[in-house]
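Participant: Contents of data-v7.tsv (TSV, C-alpha atoms and all ligand atoms):
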chain	number	residue	atom	x	y	z
N	6	ALA	CA	119.55	84.16	126.17
N	7	THR	CA	118.93	82.17	122.98
N	8	ALA	CA	122.49	80.87	122.87
N	9	ALA	CA	122.18	79.34	126.33
N	10	ARG	CA	119.08	77.28	125.58
N	11	GLN	CA	119.54	73.52	125.99
N	12	SER	CA	116.12	72.69	124.63
N	13	LEU	CA	113.28	74.54	123.01
N	14	LYS	CA	109.93	74.02	124.75
N	15	ILE	CA	107.15	74.57	122.26
N	16	GLY	CA	103.50	74.69	123.37
N	17	MET	CA	101.33	73.08	120.67
N	18	LEU	CA	97.70	74.23	120.42
N	19	PRO	CA	96.11	72.62	117.36
N	20	ALA	CA	92.58	73.62	118.50
N	21	ASP	CA	89.94	72.98	115.79
N	22	GLY	CA	89.38	71.70	112.26
N	23	ILE	CA	92.39	71.75	109.94
N	24	GLY	CA	94.43	73.23	112.80
N	25	ARG	CA	94.82	69.60	113.90
N	26	GLU	CA	96.07	68.60	110.44
N	27	VAL	CA	98.51	71.44	109.83
N	28	LEU	CA	100.15	71.68	113.25
N	29	PRO	CA	101.77	68.23	112.93
N	30	ALA	CA	103.27	69.55	109.67
N	31	ALA	CA	104.90	72.44	111.54
N	32	ARG	CA	106.20	69.97	114.08
N	33	ALA	CA	107.69	67.75	111.36
N	34	ALA	CA	109.47	70.76	109.83
N	35	ILE	CA	111.03	71.69	113.18
N	36	ILE	CA	112.12	68.12	113.90
N	37	ALA	CA	113.69	67.88	110.42
N	38	LEU	CA	116.12	70.68	111.37
N	39	GLY	CA	117.92	68.21	113.62
N	40	SER	CA	120.71	69.53	115.80
N	41	SER	CA	120.89	72.97	114.15
N	42	ILE	CA	118.46	74.24	116.82
N	43	PRO	CA	118.18	73.28	120.52
N	44	LYS	CA	116.38	69.97	120.94
N	45	PRO	CA	112.65	70.71	120.51
N	46	GLU	CA	110.24	69.51	123.20
N	47	PHE	CA	106.60	69.66	122.16
N	48	ILE	CA	103.96	70.17	124.84
N	49	ASP	CA	100.42	69.42	123.65
N	50	LEU	CA	97.89	71.87	125.05
N	51	ALA	CA	94.11	71.98	124.93
N	52	ALA	CA	92.11	74.91	123.52
N	53	GLY	CA	89.37	75.57	121.00
N	54	PHE	CA	85.68	75.74	120.26
N	55	GLU	CA	85.24	71.97	120.22
N	56	LEU	CA	86.83	71.80	123.66
N	57	PHE	CA	84.32	74.44	124.75
N	58	THR	CA	81.38	72.38	123.52
N	59	LYS	CA	82.66	69.39	125.52
N	60	THR	CA	83.93	71.04	128.70
N	61	GLY	CA	82.48	74.56	128.81
N	62	THR	CA	85.88	76.23	128.51
N	63	ALA	CA	87.73	77.24	125.34
N	64	LEU	CA	91.00	78.11	127.07
N	65	PRO	CA	91.73	76.13	130.28
N	66	ASP	CA	93.76	77.93	132.98
N	67	GLU	CA	96.22	75.05	132.84
N	68	THR	CA	96.98	75.79	129.17
N	69	VAL	CA	97.73	79.44	129.98
N	70	SER	CA	99.87	78.63	133.01
N	71	ILE	CA	101.95	76.03	131.13
N	72	LEU	CA	102.49	78.53	128.31
N	73	GLN	CA	103.51	81.24	130.79
N	74	ASN	CA	105.68	79.12	133.05
N	75	GLU	CA	107.16	76.32	130.95
N	76	CYS	CA	107.17	77.21	127.27
N	77	ASP	CA	109.69	79.23	125.26
N	78	CYS	CA	107.19	79.74	122.43
N	79	ALA	CA	104.04	78.22	120.95
N	80	LEU	CA	102.27	77.25	117.77
N	81	PHE	CA	98.54	77.71	117.35
N	82	GLY	CA	96.47	75.88	114.70
N	83	ALA	CA	93.07	77.43	114.10
N	84	VAL	CA	89.89	78.02	116.00
N	85	SER	CA	86.34	77.58	114.69
N	86	SER	CA	84.14	80.58	114.99
N	87	PRO	CA	80.53	79.66	115.79
N	88	SER	CA	78.17	81.23	113.25
N	89	ARG	CA	75.91	82.58	116.00
N	90	LYS	CA	76.80	84.08	119.34
N	91	VAL	CA	77.25	81.28	121.87
N	92	VAL	CA	76.65	82.18	125.52
N	93	GLY	CA	79.84	81.91	127.59
N	94	TYR	CA	82.15	81.47	124.63
N	95	SER	CA	84.87	83.85	123.57
N	96	SER	CA	87.73	83.18	121.19
N	97	PRO	CA	90.77	81.54	122.84
N	98	ILE	CA	93.18	83.15	120.36
N	99	VAL	CA	91.99	86.65	121.23
N	100	ALA	CA	92.27	85.79	124.93
N	101	LEU	CA	95.78	84.38	124.46
N	102	ARG	CA	97.01	87.48	122.65
N	103	LYS	CA	95.79	89.52	125.63
N	104	LYS	CA	96.97	87.24	128.46
N	105	MET	CA	100.44	86.77	126.96
N	106	ASP	CA	100.64	90.44	125.85
N	107	LEU	CA	101.37	89.46	122.26
N	108	TYR	CA	100.98	92.99	120.99
N	109	ALA	CA	102.19	92.55	117.42
N	110	ASN	CA	100.69	90.40	114.70
N	111	ILE	CA	103.34	90.04	112.01
N	112	ARG	CA	102.23	88.73	108.62
N	113	PRO	CA	104.77	88.47	105.80
N	114	VAL	CA	103.17	88.08	102.39
N	115	ALA	CA	105.42	87.27	99.46
N	116	SER	CA	104.91	85.75	96.03
N	117	VAL	CA	107.02	82.71	95.20
N	118	ALA	CA	105.56	81.70	91.86
N	119	ALA	CA	102.42	82.71	90.04
N	120	THR	CA	100.48	80.11	92.02
N	121	ALA	CA	96.70	80.16	92.11
N	122	GLY	CA	96.56	83.45	90.22
N	123	GLY	CA	98.89	85.19	92.63
N	124	LYS	CA	100.69	88.41	91.67
N	125	PRO	CA	104.43	87.99	91.03
N	126	ASP	CA	105.84	91.10	92.68
N	127	VAL	CA	104.61	91.04	96.28
N	128	ASP	CA	107.14	91.03	99.12
N	129	LEU	CA	105.81	92.83	102.15
N	130	VAL	CA	105.09	92.44	105.85
N	131	VAL	CA	101.98	93.74	107.57
N	132	ILE	CA	102.65	94.66	111.21
N	133	ARG	CA	99.28	94.87	112.90
N	134	GLU	CA	98.73	96.24	116.40
N	135	ASN	CA	97.07	93.40	118.28
N	136	THR	CA	95.64	94.79	121.54
N	137	GLU	CA	93.55	97.93	121.03
N	138	CYS	CA	91.78	100.09	118.41
N	139	LEU	CA	88.11	99.10	117.91
N	140	TYR	CA	88.92	95.55	119.06
N	141	ILE	CA	88.64	96.49	122.74
N	142	LYS	CA	84.99	95.63	122.07
N	143	GLN	CA	83.39	98.47	124.01
N	144	GLU	CA	80.11	98.75	122.24
N	145	THR	CA	76.80	100.16	123.38
N	146	LEU	CA	73.30	100.07	121.95
N	147	GLN	CA	70.73	102.70	122.92
N	148	GLN	CA	67.33	103.81	121.86
N	149	GLY	CA	67.66	107.25	120.31
N	150	GLU	CA	65.13	109.77	119.08
N	151	PHE	CA	65.01	108.19	115.60
N	152	GLY	CA	65.63	104.52	116.49
N	153	LYS	CA	68.54	102.42	117.69
N	154	GLU	CA	71.96	103.98	118.08
N	155	ALA	CA	75.09	101.84	118.29
N	156	ARG	CA	78.45	103.19	119.37
N	157	ALA	CA	81.93	101.70	119.61
N	158	THR	CA	84.90	103.14	121.46
N	159	ARG	CA	88.28	103.16	119.76
N	160	LEU	CA	91.38	103.17	121.93
N	161	ILE	CA	94.77	104.26	120.61
N	162	THR	CA	97.54	104.71	123.18
N	163	GLU	CA	100.99	106.18	122.89
N	164	ARG	CA	102.51	103.08	124.55
N	165	ALA	CA	100.95	100.59	122.13
N	166	SER	CA	101.67	102.77	119.11
N	167	ARG	CA	105.29	103.22	120.17
N	168	ARG	CA	105.95	99.53	120.69
N	169	ILE	CA	104.25	98.49	117.44
N	170	GLY	CA	106.23	101.23	115.69
N	171	ASP	CA	109.43	99.90	117.18
N	172	MET	CA	108.52	96.38	116.01
N	173	ALA	CA	107.98	97.75	112.49
N	174	PHE	CA	111.34	99.54	112.37
N	175	LYS	CA	113.12	96.53	113.84
N	176	THR	CA	111.53	94.33	111.16
N	177	ALA	CA	112.46	96.79	108.40
N	178	LEU	CA	116.07	96.75	109.57
N	179	SER	CA	116.26	93.03	108.80
N	180	ARG	CA	114.95	93.45	105.24
N	181	PRO	CA	116.83	94.62	102.14
N	182	ARG	CA	114.62	97.61	101.29
N	183	LYS	CA	114.39	99.04	104.83
N	184	HIS	CA	111.21	100.95	104.18
N	185	VAL	CA	108.25	101.52	106.54
N	186	THR	CA	104.82	102.75	105.45
N	187	ILE	CA	102.56	104.03	108.24
N	188	ILE	CA	98.89	103.31	107.52
N	189	HIS	CA	96.30	105.63	109.03
N	190	LYS	CA	93.32	107.86	108.32
N	191	SER	CA	94.34	110.95	110.21
N	192	ASN	CA	92.72	113.30	107.72
N	193	VAL	CA	89.37	112.18	109.21
N	194	LEU	CA	90.27	110.70	112.61
N	195	SER	CA	92.82	113.33	113.54
N	196	VAL	CA	92.90	112.51	117.26
N	197	THR	CA	93.16	108.69	117.29
N	198	ASP	CA	94.90	108.08	113.98
N	199	GLY	CA	96.79	111.32	114.50
N	200	LEU	CA	98.27	109.94	117.72
N	201	PHE	CA	99.16	106.63	116.03
N	202	ARG	CA	100.86	108.40	113.13
N	203	GLU	CA	102.78	110.92	115.23
N	204	THR	CA	103.93	108.30	117.72
N	205	VAL	CA	105.17	105.82	115.11
N	206	ARG	CA	106.88	108.63	113.18
N	207	ALA	CA	108.71	109.73	116.32
N	208	VAL	CA	110.17	106.28	117.12
N	209	PRO	CA	113.45	106.66	115.17
N	210	ALA	CA	114.29	109.85	117.10
N	211	LEU	CA	113.77	108.30	120.57
N	212	PRO	CA	116.95	108.54	122.69
N	213	GLU	CA	116.88	104.80	123.51
N	214	VAL	CA	116.78	103.96	119.79
N	215	ASN	CA	120.18	105.58	119.53
N	216	GLY	CA	120.12	106.13	115.77
N	217	ARG	CA	119.59	102.42	114.95
N	218	TYR	CA	116.78	103.22	112.51
N	219	ASP	CA	118.49	106.10	110.69
N	220	GLN	CA	118.85	104.17	107.42
N	221	ILE	CA	115.14	103.35	107.26
N	222	THR	CA	112.96	105.41	104.94
N	223	ILE	CA	109.45	106.30	106.11
N	224	ALA	CA	106.32	106.87	104.05
N	225	GLU	CA	102.67	107.13	104.98
N	226	GLN	CA	99.45	106.23	103.22
N	227	LEU	CA	95.83	106.82	104.06
N	228	VAL	CA	94.31	103.36	104.50
N	229	ASP	CA	91.93	103.65	101.55
N	230	SER	CA	94.61	104.66	99.10
N	231	ALA	CA	96.91	102.02	100.62
N	232	VAL	CA	94.42	99.30	99.62
N	233	TYR	CA	94.17	100.75	96.11
N	234	ARG	CA	97.91	100.88	95.69
N	235	LEU	CA	98.34	97.43	97.26
N	236	PHE	CA	96.31	95.98	94.40
N	237	ARG	CA	97.78	98.15	91.63
N	238	GLU	CA	101.45	98.33	92.61
N	239	PRO	CA	102.15	96.00	95.54
N	240	HIS	CA	105.92	96.30	94.96
N	241	ILE	CA	105.97	99.78	96.53
N	242	PHE	CA	105.37	98.26	99.97
N	243	ASP	CA	107.98	96.71	102.26
N	244	VAL	CA	106.87	96.99	105.92
N	245	MET	CA	103.34	98.28	106.54
N	246	VAL	CA	102.44	99.23	110.11
N	247	ALA	CA	98.82	99.77	111.06
N	248	PRO	CA	96.35	100.00	113.94
N	249	ASN	CA	94.41	96.79	114.65
N	250	LEU	CA	91.39	97.13	112.34
N	251	TYR	CA	93.22	98.48	109.27
N	252	GLY	CA	95.94	95.86	109.78
N	253	ASP	CA	93.38	93.06	109.95
N	254	ILE	CA	91.78	94.08	106.67
N	255	LEU	CA	95.05	94.88	104.89
N	256	SER	CA	96.69	91.58	105.75
N	257	ASP	CA	93.79	89.48	104.42
N	258	ALA	CA	93.78	91.62	101.28
N	259	ALA	CA	97.52	91.11	100.89
N	260	ALA	CA	97.04	87.34	101.33
N	261	ALA	CA	94.63	87.35	98.39
N	262	LEU	CA	97.40	88.84	96.23
N	263	VAL	CA	99.58	85.75	96.51
N	264	GLY	CA	96.94	83.09	95.93
N	265	SER	CA	95.84	80.87	98.78
N	266	LEU	CA	95.18	81.59	102.44
N	267	GLY	CA	96.92	78.24	102.95
N	268	LEU	CA	100.27	79.91	102.18
N	269	VAL	CA	100.28	82.85	104.60
N	270	PRO	CA	101.95	82.53	108.01
N	271	SER	CA	102.01	84.86	110.99
N	272	ILE	CA	103.43	85.28	114.44
N	273	ASN	CA	101.90	86.94	117.45
N	274	ALA	CA	104.82	88.54	119.24
N	275	GLY	CA	105.36	90.29	122.55
N	276	ASP	CA	108.50	91.31	124.44
N	277	SER	CA	108.91	87.90	126.04
N	278	PHE	CA	106.88	85.38	124.04
N	279	VAL	CA	106.10	84.44	120.46
N	280	MET	CA	103.32	82.31	119.03
N	281	GLY	CA	103.22	81.16	115.41
N	282	GLU	CA	99.81	80.90	113.75
N	283	PRO	CA	98.76	80.34	110.12
N	284	VAL	CA	96.52	83.20	108.96
N	285	HIS	CA	93.76	80.84	107.78
N	286	GLY	CA	90.93	79.55	109.96
N	287	SER	CA	89.71	76.04	110.77
N	288	ALA	CA	88.21	75.50	107.28
N	289	PRO	CA	85.43	73.11	108.34
N	290	ASP	CA	84.58	72.52	104.66
N	291	ILE	CA	87.81	70.59	104.05
N	292	ALA	CA	88.65	69.33	107.57
N	293	GLY	CA	89.37	65.63	108.01
N	294	GLN	CA	90.14	64.98	104.34
N	295	ASP	CA	93.95	65.26	104.41
N	296	ILE	CA	93.85	68.03	101.77
N	297	ALA	CA	94.54	71.13	103.87
N	298	ASN	CA	97.56	73.09	102.72
N	299	PRO	CA	100.22	72.68	105.44
N	300	LEU	CA	102.60	75.34	104.07
N	301	ALA	CA	101.24	78.31	106.06
N	302	ALA	CA	101.72	76.35	109.29
N	303	MET	CA	105.25	75.27	108.30
N	304	ARG	CA	106.13	78.87	107.44
N	305	SER	CA	104.68	79.99	110.79
N	306	ALA	CA	107.11	77.63	112.52
N	307	ALA	CA	109.94	79.25	110.54
N	308	LEU	CA	108.85	82.76	111.54
N	309	MET	CA	108.68	81.70	115.17
N	310	LEU	CA	112.20	80.28	115.02
N	311	ARG	CA	113.60	83.40	113.35
N	312	HIS	CA	111.98	85.60	116.02
N	313	LEU	CA	113.76	83.50	118.66
N	314	GLY	CA	117.11	84.00	116.92
N	315	TYR	CA	117.31	80.78	114.90
N	316	GLY	CA	117.38	82.45	111.48
N	317	GLU	CA	119.34	79.67	109.81
N	318	GLY	CA	116.76	77.03	110.73
N	319	ALA	CA	114.00	79.38	109.59
N	320	ASP	CA	115.75	79.89	106.24
N	321	ARG	CA	115.99	76.14	105.69
N	322	ILE	CA	112.27	75.60	106.25
N	323	GLU	CA	111.35	78.58	104.06
N	324	LYS	CA	113.67	77.54	101.24
N	325	ALA	CA	112.22	74.02	101.24
N	326	VAL	CA	108.65	75.38	101.15
N	327	ASP	CA	109.49	77.81	98.34
N	328	GLU	CA	111.11	75.02	96.29
N	329	VAL	CA	108.06	72.79	96.60
N	330	ILE	CA	105.81	75.67	95.47
N	331	ARG	CA	108.09	76.62	92.58
N	332	GLU	CA	108.41	73.06	91.28
N	333	GLY	CA	104.64	72.72	91.45
N	334	ASN	CA	104.51	68.90	91.34
N	335	VAL	CA	103.33	68.22	94.87
N	336	LEU	CA	100.65	70.74	95.88
N	337	THR	CA	97.28	70.59	97.63
N	338	PRO	CA	94.05	71.33	95.69
N	339	ASP	CA	93.84	75.02	96.83
N	340	LEU	CA	96.96	75.60	94.68
N	341	GLY	CA	95.61	73.58	91.78
N	342	GLY	CA	97.41	70.35	92.76
N	343	LYS	CA	96.15	66.85	93.53
N	344	SER	CA	98.34	65.95	96.49
N	345	LYS	CA	97.41	65.12	100.07
N	346	THR	CA	98.54	67.16	103.07
N	347	SER	CA	100.81	64.31	104.12
N	348	GLU	CA	102.48	64.13	100.69
N	349	VAL	CA	103.25	67.86	100.75
N	350	VAL	CA	104.68	67.54	104.26
N	351	ASN	CA	106.95	64.68	103.17
N	352	GLU	CA	108.12	66.67	100.16
N	353	VAL	CA	109.08	69.69	102.31
N	354	VAL	CA	110.67	67.59	105.06
N	355	LYS	CA	112.81	65.73	102.49
N	356	ARG	CA	114.21	69.09	101.31
N	357	ILE	CA	114.86	70.42	104.82
I	401	LIG	P1	86.84	79.84	110.42
I	401	LIG	O1	85.52	80.18	110.95
I	401	LIG	O2	87.61	78.89	111.28
I	401	LIG	O3	87.67	81.04	109.99
I	401	LIG	P2	86.21	79.55	107.64
I	401	LIG	O4	85.07	78.78	107.09
I	401	LIG	O5	86.18	81.04	107.62
I	401	LIG	O6	86.55	78.99	109.08
I	401	LIG	P3	88.90	79.67	106.69
I	401	LIG	O7	89.81	78.68	107.26
I	401	LIG	O8	88.98	81.08	107.16
I	401	LIG	O9	87.44	79.05	106.81
I	401	LIG	O10	89.13	79.61	105.13
I	401	LIG	C1	88.27	80.09	104.13
I	401	LIG	C2	88.35	79.12	102.96
I	401	LIG	O11	89.71	79.02	102.50
I	401	LIG	C3	87.91	77.73	103.38
I	401	LIG	O12	86.68	77.45	102.81
I	401	LIG	C4	88.97	76.79	102.87
I	401	LIG	O13	88.50	75.98	101.81
I	401	LIG	C5	90.11	77.66	102.36
I	401	LIG	N1	91.31	77.39	103.14
I	401	LIG	C6	91.70	78.01	104.28
I	401	LIG	N2	92.84	77.50	104.76
I	401	LIG	C7	93.21	76.53	103.90
I	401	LIG	C8	94.31	75.64	103.83
I	401	LIG	N3	95.28	75.60	104.76
I	401	LIG	N4	94.35	74.77	102.80
I	401	LIG	C9	93.40	74.76	101.86
I	401	LIG	N5	92.35	75.59	101.86
I	401	LIG	C10	92.23	76.47	102.86
I	402	MG	MG	87.72	82.59	108.33
So that I can check it, write out the structure of this file as structure tokens.

Facilitator:
Amino acid sequence: ATAARQSLKIGMLPADGIGREVLPAARAAIIALGSSIPKPEFIDLAAGFELFTKTGTALPDETVSILQNECDCALFGAVSSPSRKVVGYSSPIVALRKKMDLYANIRPVASVAATAGGKPDVDLVVIRENTECLYIKQETLQQGEFGKEARATRLITERASRRIGDMAFKTALSRPRKHVTIIHKSNVLSVTDGLFRETVRAVPALPEVNGRYDQITIAEQLVDSAVYRLFREPHIFDVMVAPNLYGDILSDAAAALVGSLGLVPSINAGDSFVMGEPVHGSAPDIAGQDIANPLAAMRSAALMLRHLGYGEGADRIEKAVDEVIREGNVLTPDLGGKSKTSEVVNEVVKRI
């Protein structure tokens, strides 16, 4: 299907804060690829907390229907999270992941240079299940015999575990080390984590897989020891696959290993849609100053393109970003530099 595309329709959702400053950087990187990808068409779409404060909706129906009916893919900036619970508001990014069935959150974390105190030997991808686990938000609060009692329900299904497992093996296949580590805690949560572990482990033997994953080696780690080893010997990890909560925590921890949040990209992927999204938030403390690091957003554009089958374009963006980091002359303040967002963007675009 990718080969037949005449143009690439990309929904652009900058949303809040520095999301508005870094999404234009992603756009500039894609445009700089020229004719090596189908002609990009950018469709600006409204979403975000600020939109909610003005209009009472954080994710207009029109935005969702244009994404579903007209776009090939999308890029999301960042959404502000209100510090207190706001009546009627829920996060548009969480809603989008659900509505578009973007069941996998894929976060590659790799060291380029020893920037901002980053470790030199990190090259891994966290594949986080995006739709269930404790994030189904079924919580109750009751008065018990000795005071309040809060409970949360955790959902793990065979279907979601199987498809996230398949995504992990597929990702591993495209990487040199071809190694998958399953993260769980089935020594304590033998039913839920047990199902996740068993289901992911069984993926390579599925008849429809047809032996495609035979060359991939599989390991498992209890989540606590995985965090310990991630900090002590990050090089042992290639692809890590985890249920939603563990994956959330692990991927932020892994981001800390390579320096700045402003470097780490992600995609939210489903069977028929992909949305790029830098891992960082809206960073209200630095918004509007032209100092936000645009590299995570540019790398997110690259990941999105690779997922759609445009690996060569993705490589060009990633190589340009890596060069700018390695040279170290034009960097934003989070990486110890003095440059503006716009100067970093120009530097990367020049190299693409
Ligand atoms: P939100 O509620 O939207 O998540 P936040 O205050 O948690 O906002 P984050 O964006 O998650 O802020 O980032 C945490 C800190 O990391 C910020 O204070 C910011 O200074 C820094 N940071 C995050 N992203 C970037 C970036 N792209 N460039 C530079 N610094 C960043
Ligand atoms: Mg945050």

Participant: Step by step, measure atom-to-atom distances between ligand LIG 401 (chain I) and each residue using all atoms listed in the file, keep those at most 10 Å, then write them as a PDB file with C-alpha atoms, in the coordinates of the input.

Facilitator:
ATOM      1  CA  ASP N  21      89.940  72.980 115.790  1.00  0.00           C
ATOM      2  CA  GLY N  22      89.380  71.700 112.260  1.00  0.00           C
ATOM      3  CA  ILE N  23      92.390  71.750 109.940  1.00  0.00           C
ATOM      4  CA  GLY N  24      94.430  73.230 112.800  1.00  0.00           C
ATOM      5  CA  GLU N  26      96.070  68.600 110.440  1.00  0.00           C
ATOM      6  CA  VAL N  27      98.510  71.440 109.830  1.00  0.00           C
ATOM      7  CA  PHE N  54      85.680  75.740 120.260  1.00  0.00           C
ATOM      8  CA  GLY N  82      96.470  75.880 114.700  1.00  0.00           C
ATOM      9  CA  ALA N  83      93.070  77.430 114.100  1.00  0.00           C
ATOM     10  CA  VAL N  84      89.890  78.020 116.000  1.00  0.00           C
ATOM     11  CA  SER N  85      86.340  77.580 114.690  1.00  0.00           C
ATOM     12  CA  SER N  86      84.140  80.580 114.990  1.00  0.00           C
ATOM     13  CA  PRO N  87      80.530  79.660 115.790  1.00  0.00           C
ATOM     14  CA  SER N  88      78.170  81.230 113.250  1.00  0.00           C
ATOM     15  CA  SER N 265      95.840  80.870  98.780  1.00  0.00           C
ATOM     16  CA  LEU N 266      95.180  81.590 102.440  1.00  0.00           C
ATOM     17  CA  GLY N 267      96.920  78.240 102.950  1.00  0.00           C
ATOM     18  CA  LEU N 268     100.270  79.910 102.180  1.00  0.00           C
ATOM     19  CA  VAL N 269     100.280  82.850 104.600  1.00  0.00           C
ATOM     20  CA  PRO N 283      98.760  80.340 110.120  1.00  0.00           C
ATOM     21  CA  VAL N 284      96.520  83.200 108.960  1.00  0.00           C
ATOM     22  CA  HIS N 285      93.760  80.840 107.780  1.00  0.00           C
ATOM     23  CA  GLY N 286      90.930  79.550 109.960  1.00  0.00           C
ATOM     24  CA  SER N 287      89.710  76.040 110.770  1.00  0.00           C
ATOM     25  CA  ALA N 288      88.210  75.500 107.280  1.00  0.00           C
ATOM     26  CA  PRO N 289      85.430  73.110 108.340  1.00  0.00           C
ATOM     27  CA  ASP N 290      84.580  72.520 104.660  1.00  0.00           C
ATOM     28  CA  ILE N 291      87.810  70.590 104.050  1.00  0.00           C
ATOM     29  CA  ALA N 292      88.650  69.330 107.570  1.00  0.00           C
ATOM     30  CA  ASP N 295      93.950  65.260 104.410  1.00  0.00           C
ATOM     31  CA  ILE N 296      93.850  68.030 101.770  1.00  0.00           C
ATOM     32  CA  ALA N 297      94.540  71.130 103.870  1.00  0.00           C
ATOM     33  CA  ASN N 298      97.560  73.090 102.720  1.00  0.00           C
ATOM     34  CA  PRO N 299     100.220  72.680 105.440  1.00  0.00           C
ATOM     35  CA  LEU N 300     102.600  75.340 104.070  1.00  0.00           C
ATOM     36  CA  ALA N 301     101.240  78.310 106.060  1.00  0.00           C
ATOM     37  CA  ALA N 302     101.720  76.350 109.290  1.00  0.00           C
ATOM     38  CA  THR N 337      97.280  70.590  97.630  1.00  0.00           C
ATOM     39  CA  PRO N 338      94.050  71.330  95.690  1.00  0.00           C
ATOM     40  CA  ASP N 339      93.840  75.020  96.830  1.00  0.00           C
ATOM     41  CA  LEU N 340      96.960  75.600  94.680  1.00  0.00           C
ATOM     42  CA  THR N 346      98.540  67.160 103.070  1.00  0.00           C
TER      43      THR N 346
END

Participant: If I take atom CA of N:Arg167 and atom CA of N:Glu225, how far is one from the other in Å, to one decimal?

Facilitator: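 Separating atom CA of N:Arg167 from atom CA of N:Glu225 is a distance of 15.9 Å.
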
Participant: How many Å lie between atom CA of N:Ala259 and atom CA of N:Arg321, rounded to one decimal?

Facilitator: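 Distance reported for this atom pair: 24.3 Å.
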
Participant: Using atom CA of N:Glu67 and atom CA of N:Tyr94 as the two end points, give the distance in Å to one decimal.

Facilitator: 17.5 Å

Participant: For N:Leu18, please output as a list in words all residues within 7 Å (counting all atoms listed in the file; exclusion window: fewer than 5 positions along the same chain).

Facilitator: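 Final neighbour list, sorted by chain and number: Asp49, Leu50, Ala51, Ala52, Leu80, Phe81 and Gly82 of chain N.
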
Participant: Any chance you could build stretch 262-275 of chain N out to N, CA and C atoms and write it as a CSV table (one decimal), keeping the file's coordinate frame?

Facilitator:
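To be explicit, this is the file written out as out.csv:
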chain,number,residue,atom,x,y,z
N,262,LEU,N,96.5,88.5,97.3
N,262,LEU,CA,97.4,88.8,96.2
N,262,LEU,C,98.3,87.7,95.9
N,263,VAL,N,98.6,86.8,96.8
N,263,VAL,CA,99.6,85.8,96.5
N,263,VAL,C,98.9,84.4,96.3
N,264,GLY,N,97.6,84.4,96.2
N,264,GLY,CA,96.9,83.1,95.9
N,264,GLY,C,96.1,82.6,97.1
N,265,SER,N,96.6,81.6,97.8
N,265,SER,CA,95.8,80.9,98.8
N,265,SER,C,96.1,81.3,100.2
N,266,LEU,N,95.0,81.4,101.0
N,266,LEU,CA,95.2,81.6,102.4
N,266,LEU,C,96.1,80.5,103.1
N,267,GLY,N,96.1,79.4,102.4
N,267,GLY,CA,96.9,78.2,103.0
N,267,GLY,C,98.4,78.4,102.8
N,268,LEU,N,98.8,79.6,102.3
N,268,LEU,CA,100.3,79.9,102.2
N,268,LEU,C,100.8,80.9,103.2
N,269,VAL,N,99.9,81.7,103.9
N,269,VAL,CA,100.3,82.8,104.6
N,269,VAL,C,100.4,82.6,106.1
N,270,PRO,N,101.7,82.8,106.6
N,270,PRO,CA,102.0,82.5,108.0
N,270,PRO,C,101.9,83.8,108.8
N,271,SER,N,101.9,83.7,110.1
N,271,SER,CA,102.0,84.9,111.0
N,271,SER,C,102.6,84.5,112.3
N,272,ILE,N,103.1,85.5,113.0
N,272,ILE,CA,103.4,85.3,114.4
N,272,ILE,C,102.7,86.4,115.2
N,273,ASN,N,102.4,86.0,116.5
N,273,ASN,CA,101.9,86.9,117.4
N,273,ASN,C,103.1,87.1,118.4
N,274,ALA,N,103.6,88.4,118.5
N,274,ALA,CA,104.8,88.5,119.2
N,274,ALA,C,104.7,89.6,120.3
N,275,GLY,N,105.3,89.3,121.5
N,275,GLY,CA,105.4,90.3,122.6
N,275,GLY,C,106.8,90.4,122.9
